[in-house]
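What follows is one structure encoded as structure tokens, with my remarks underneath.
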Amino acid sequence: NPSSGLTGSQQVRLSSLARDLACMNGLLLKDNPASSSSGSAAPDRCMMAPITLVPSSFSKEAFNQAVELQALFNSLYHRVSRDHNFLCRVIPPAAESDSFLSALWDMYQTVRQSGADQPITLALNRADYMLDEEAGLKQVEINLMASSFGGLAQRLSTVHRQVMSAAGVSERQLAHRLPDNRPAETFGEAFIQAFKLYGRPEAAILFVVSPDERNIFDQRTLEAEIYAADASSDSPVHVPQILRRSFDQIASSARLEESSGRLYLADQEVAIVYYRHGYSPDHFSDPAGVAWSAKLLMERSRAIKCPSLAYMLANTKAVQAALCEPGAVARYLPGKSAKVEATFVDQCVLSDSRAHRWLLADPEDFVLKPQREGGGNNIYGRDVVDFASRLTTRQSAAYILMRRIRPQQQVSLMLKADQRLSRRPEMPLCVSAISELGIYGALVAKNNSERLNCSAGHVLRTKSAFTDEGGVATGFSCIDTVYLV
Ligand code: ADP
Ligand code: MG
């Protein structure tokens, strides 16, 4: 593990280098408005994103396994999203006592009944795993919406390579241990391919964003890579514009041309709606329902939504658990399901009788999850029993119970923006940590026909072994990359 071999003076020297390189390469987050005394941060104030000083060691075999699985996961979820009967079976019971999921389900049905069609798919996914000490590579979840950190991970690979080189690791070793990592570049290429399939060269790309996004440089990296992918493609289309708009802004300027199904913002047609926002109930909390109306308008259009409503539904934890039923994956990936299923841990809906048995046997071995995205929603260990005992059967259908993955701990050297309060601010924080591997994947399809399906690089998120939840923006995790061993 690269972290364990460094002396104190090396750590000081490399930390100073890594901090400079991180800022130079745009490994930044916008300042948190809540942390400033006025409650609103100056628009140009940034801080270094939390990163590890050096990459963390990760099994080469398990890493390659995850990379190889990615195209299968991309296909699997594409097919699930197109299986209306399956969604009809899995979603309504989970949605019954979950008002957010229920609103998405209603919108999905409304749009479906209106006959609106989105023939082209652009999927930008990230499959998350932990390497269990005993059981090997195990899936935490898959993200089909707003999969983040591809831009920062790509930049961090550049920084980690230079830091390792400064630590005296040979070029030959680096080529061998640090995999090529360009998630944002690959996503940019997928954008251009989908854009060309849409066939309206004058149209724009719309990023749906939070009005106070902190992880903006991750998104800006993707914007830059879209332009770059276009410029270096065989027949550049000169994508006219990438617009960034909040639901509010969209509501006040979007228009649907009913005859053609085309979406316009003012007079600008939109080819692709890329959601980096709108995966959580609090993104729709305005009492007038403006965000919901803006979403419905976009969903009723023929613009490519990344992700579509069907993909959002396929992305629920309820679907993840349903795919663990025997034979479920094989229906979508005939002959290829075993490799995918090998990464699944025990999980089921909390209302299932198995859940009751598991909790009686050993609650510490489980995680309880609602149908939510974005971190901070899970319940762990003993709290699960208490929590579960207060739910009705109907309510418990909205949760899944999942066996806990137990990754090996290893030393990690972490750099956070504000270490001034620590006793030795020039030193990295030395933490006993665990890592979660994210493998990016891109898929472009026209109806059932896949035009692009590939894996697209990785990110590690490394956190203290003593915190249950992850989350980079929440301050728990650092962005990290792999050192293959
Ligand atoms: P979210 O959609 O909120 O990101 P996740 O399923 O990724 O939900 O769970 C959030 C975090 O909880 C993960 O990043 C991981 O740290 C932890 N976690 C989730 N499931 C498990 C599990 N089965 N075993 C161990 N940790 C888990
Ligand atoms: Mg997650």
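By order of appearance in the structure tokens: chains A, B, ..., then residues from 1 within every chain, and ligands from 1 in the order shown.
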Considering only C-alpha atoms, tabulate each residue of region 159-267 of chain A that lies at most 6 Å from region 276-294 of chain A along with its nearest interatomic pair and the corresponding distance in Å to one decimal; arrange the rows by chain and ascending residue number and present them as a Markdown table.
```
| residue | atom | partner | partner_atom | distance |
| --- | --- | --- | --- | --- |
| A:Val208 | CA | A:Arg276 | CA | 5.7 |
| A:Val209 | CA | A:His277 | CA | 5.1 |
| A:Ser210 | CA | A:His277 | CA | 5.7 |
| A:Phe247 | CA | A:Ala291 | CA | 5.0 |
| A:Ala251 | CA | A:Ala294 | CA | 4.8 |
```
Do you have, as JSON lines, the list of residues of chain A lying at most 8 Å from ligand 1, each with its nearest atom pair and that distance in Å to one decimal, counting only C-alpha atoms and all ligand atoms and ordered by chain then number?
```
{"residue": "A:Asp128", "atom": "CA", "partner": "ligand 1", "partner_atom_place_in_ligand_line": "7 (O)", "distance": 7.1}
{"residue": "A:Met130", "atom": "CA", "partner": "ligand 1", "partner_atom_place_in_ligand_line": "25 (C)", "distance": 7.6}
{"residue": "A:Gln139", "atom": "CA", "partner": "ligand 1", "partner_atom_place_in_ligand_line": "23 (N)", "distance": 7.7}
{"residue": "A:Val140", "atom": "CA", "partner": "ligand 1", "partner_atom_place_in_ligand_line": "20 (N)", "distance": 5.0}
{"residue": "A:Glu141", "atom": "CA", "partner": "ligand 1", "partner_atom_place_in_ligand_line": "6 (O)", "distance": 5.1}
{"residue": "A:Ile142", "atom": "CA", "partner": "ligand 1", "partner_atom_place_in_ligand_line": "7 (O)", "distance": 7.7}
{"residue": "A:Asn143", "atom": "CA", "partner": "ligand 1", "partner_atom_place_in_ligand_line": "2 (O)", "distance": 7.3}
{"residue": "A:Lys317", "atom": "CA", "partner": "ligand 1", "partner_atom_place_in_ligand_line": "6 (O)", "distance": 7.7}
{"residue": "A:Val345", "atom": "CA", "partner": "ligand 1", "partner_atom_place_in_ligand_line": "23 (N)", "distance": 7.3}
{"residue": "A:Phe366", "atom": "CA", "partner": "ligand 1", "partner_atom_place_in_ligand_line": "23 (N)", "distance": 7.0}
{"residue": "A:Val367", "atom": "CA", "partner": "ligand 1", "partner_atom_place_in_ligand_line": "23 (N)", "distance": 5.9}
{"residue": "A:Lys369", "atom": "CA", "partner": "ligand 1", "partner_atom_place_in_ligand_line": "6 (O)", "distance": 7.0}
{"residue": "A:Arg372", "atom": "CA", "partner": "ligand 1", "partner_atom_place_in_ligand_line": "2 (O)", "distance": 5.8}
{"residue": "A:Glu373", "atom": "CA", "partner": "ligand 1", "partner_atom_place_in_ligand_line": "2 (O)", "distance": 3.5}
{"residue": "A:Gly374", "atom": "CA", "partner": "ligand 1", "partner_atom_place_in_ligand_line": "3 (O)", "distance": 4.2}
{"residue": "A:Gly375", "atom": "CA", "partner": "ligand 1", "partner_atom_place_in_ligand_line": "3 (O)", "distance": 3.1}
{"residue": "A:Gly376", "atom": "CA", "partner": "ligand 1", "partner_atom_place_in_ligand_line": "3 (O)", "distance": 5.9}
{"residue": "A:Asn377", "atom": "CA", "partner": "ligand 1", "partner_atom_place_in_ligand_line": "3 (O)", "distance": 5.8}
{"residue": "A:Asn378", "atom": "CA", "partner": "ligand 1", "partner_atom_place_in_ligand_line": "12 (O)", "distance": 6.4}
{"residue": "A:Met402", "atom": "CA", "partner": "ligand 1", "partner_atom_place_in_ligand_line": "23 (N)", "distance": 5.3}
{"residue": "A:Arg403", "atom": "CA", "partner": "ligand 1", "partner_atom_place_in_ligand_line": "23 (N)", "distance": 5.1}
{"residue": "A:Arg404", "atom": "CA", "partner": "ligand 1", "partner_atom_place_in_ligand_line": "24 (N)", "distance": 3.5}
{"residue": "A:Ile405", "atom": "CA", "partner": "ligand 1", "partner_atom_place_in_ligand_line": "24 (N)", "distance": 3.8}
{"residue": "A:Arg406", "atom": "CA", "partner": "ligand 1", "partner_atom_place_in_ligand_line": "25 (C)", "distance": 6.3}
{"residue": "A:Glu436", "atom": "CA", "partner": "ligand 1", "partner_atom_place_in_ligand_line": "14 (O)", "distance": 6.8}
{"residue": "A:Asp468", "atom": "CA", "partner": "ligand 1", "partner_atom_place_in_ligand_line": "16 (O)", "distance": 5.9}
{"residue": "A:Glu469", "atom": "CA", "partner": "ligand 1", "partner_atom_place_in_ligand_line": "12 (O)", "distance": 4.6}
{"residue": "A:Gly470", "atom": "CA", "partner": "ligand 1", "partner_atom_place_in_ligand_line": "16 (O)", "distance": 4.4}
{"residue": "A:Gly471", "atom": "CA", "partner": "ligand 1", "partner_atom_place_in_ligand_line": "14 (O)", "distance": 6.7}
```
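Backbone DSSP over region 348-382 of chain A gives strand (DSSP E or B) for Cys348, Val349, Phe366, Val367, Leu368, Lys369, Pro370, Ile379 and Tyr380 of chain A.
Atom pair CA of Pro201 (chain A) / CA of Pro236 (chain A) has a distance of 9.8 Å (rounded to one decimal).
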Alpha helix (DSSP H) residues, from DSSP on the backbone, in region 236-400 of chain A, as a PyMOL selection string: chain A and resi 247-253+290-300+309-314+317-322+328-332+337-341+353-361+382-389+393-396
Create the file for the chosen residues now, containing C-alpha atoms and written as an mmCIF file, in the first residue's frame.
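And here's selection11.cif as it stands now:
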```cif
data_model
loop_
_atom_site.group_PDB
_atom_site.id
_atom_site.type_symbol
_atom_site.label_atom_id
_atom_site.label_comp_id
_atom_site.auth_asym_id
_atom_site.auth_seq_id
_atom_site.Cartn_x
_atom_site.Cartn_y
_atom_site.Cartn_z
ATOM 1 C CA PHE A 247 -35.751 23.684 -12.428
ATOM 2 C CA ASP A 248 -36.938 27.232 -11.676
ATOM 3 C CA GLN A 249 -35.182 28.680 -14.694
ATOM 4 C CA ILE A 250 -36.449 25.854 -16.881
ATOM 5 C CA ALA A 251 -40.016 26.378 -15.691
ATOM 6 C CA SER A 252 -39.936 29.995 -16.772
ATOM 7 C CA SER A 253 -38.511 29.458 -20.263
ATOM 8 C CA VAL A 290 -42.599 24.333 -10.069
ATOM 9 C CA ALA A 291 -39.829 21.722 -10.198
ATOM 10 C CA TRP A 292 -42.319 18.915 -10.814
ATOM 11 C CA SER A 293 -43.992 20.845 -13.645
ATOM 12 C CA ALA A 294 -40.632 21.609 -15.242
ATOM 13 C CA LYS A 295 -39.719 17.940 -15.054
ATOM 14 C CA LEU A 296 -43.033 16.789 -16.519
ATOM 15 C CA LEU A 297 -42.645 19.156 -19.460
ATOM 16 C CA MET A 298 -39.164 17.830 -20.246
ATOM 17 C CA GLU A 299 -40.265 14.224 -19.811
ATOM 18 C CA ARG A 300 -43.135 14.689 -22.251
ATOM 19 C CA LEU A 309 -37.946 8.198 -15.928
ATOM 20 C CA ALA A 310 -37.815 4.474 -16.660
ATOM 21 C CA TYR A 311 -34.108 4.519 -15.824
ATOM 22 C CA MET A 312 -34.824 6.376 -12.573
ATOM 23 C CA LEU A 313 -37.269 3.654 -11.606
ATOM 24 C CA ALA A 314 -34.828 0.930 -12.643
ATOM 25 C CA LYS A 317 -33.026 -0.148 -4.393
ATOM 26 C CA ALA A 318 -36.310 -2.073 -4.832
ATOM 27 C CA VAL A 319 -35.222 -3.104 -8.337
ATOM 28 C CA GLN A 320 -31.737 -3.944 -7.086
ATOM 29 C CA ALA A 321 -33.283 -6.342 -4.559
ATOM 30 C CA ALA A 322 -35.710 -7.781 -7.127
ATOM 31 C CA ALA A 328 -34.129 -12.493 -12.549
ATOM 32 C CA VAL A 329 -30.844 -11.417 -14.144
ATOM 33 C CA ALA A 330 -30.807 -14.423 -16.499
ATOM 34 C CA ARG A 331 -33.990 -13.142 -18.150
ATOM 35 C CA TYR A 332 -32.102 -10.057 -19.311
ATOM 36 C CA SER A 337 -25.929 -13.820 -15.530
ATOM 37 C CA ALA A 338 -23.642 -15.830 -13.228
ATOM 38 C CA LYS A 339 -20.780 -13.293 -13.267
ATOM 39 C CA VAL A 340 -23.156 -10.478 -12.438
ATOM 40 C CA GLU A 341 -24.941 -12.413 -9.696
ATOM 41 C CA SER A 353 -40.156 -13.041 5.715
ATOM 42 C CA ARG A 354 -36.417 -13.579 5.107
ATOM 43 C CA ALA A 355 -35.714 -10.092 6.437
ATOM 44 C CA HIS A 356 -37.329 -10.979 9.750
ATOM 45 C CA ARG A 357 -35.197 -14.120 10.060
ATOM 46 C CA TRP A 358 -31.985 -12.302 9.170
ATOM 47 C CA LEU A 359 -32.597 -9.578 11.731
ATOM 48 C CA LEU A 360 -33.301 -12.111 14.455
ATOM 49 C CA ALA A 361 -30.051 -13.887 13.664
ATOM 50 C CA ARG A 382 -28.925 -2.337 16.039
ATOM 51 C CA ASP A 383 -30.836 0.781 14.920
ATOM 52 C CA VAL A 384 -32.378 -1.322 12.153
ATOM 53 C CA VAL A 385 -34.326 -3.492 14.603
ATOM 54 C CA ASP A 386 -35.743 -0.490 16.460
ATOM 55 C CA PHE A 387 -36.605 1.289 13.271
ATOM 56 C CA ALA A 388 -38.126 -1.776 11.599
ATOM 57 C CA SER A 389 -40.306 -2.539 14.618
ATOM 58 C CA THR A 393 -45.969 -4.066 6.747
ATOM 59 C CA ARG A 394 -47.055 -1.610 4.102
ATOM 60 C CA GLN A 395 -44.379 0.892 5.105
ATOM 61 C CA SER A 396 -41.701 -1.766 5.304
#
```
Nearest to Ser235 (chain A), chosen from A:Ser260, A:Asn74, A:Ser59, A:Gln193, with only C-alpha atoms counted in the distances: A:Gln193
Separation of CA of Ala254 (chain A) from CA of Ala266 (chain A), in Å and rounded to one decimal: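 Going from CA of Ala254 (chain A) over to CA of Ala266 (chain A), I get 6.2 Å.
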Which of A:Ala123, A:Leu460, A:Met24, A:Ala153 sits closest to ligand 2 [using only C-alpha atoms and all ligand atoms]: A:Leu460
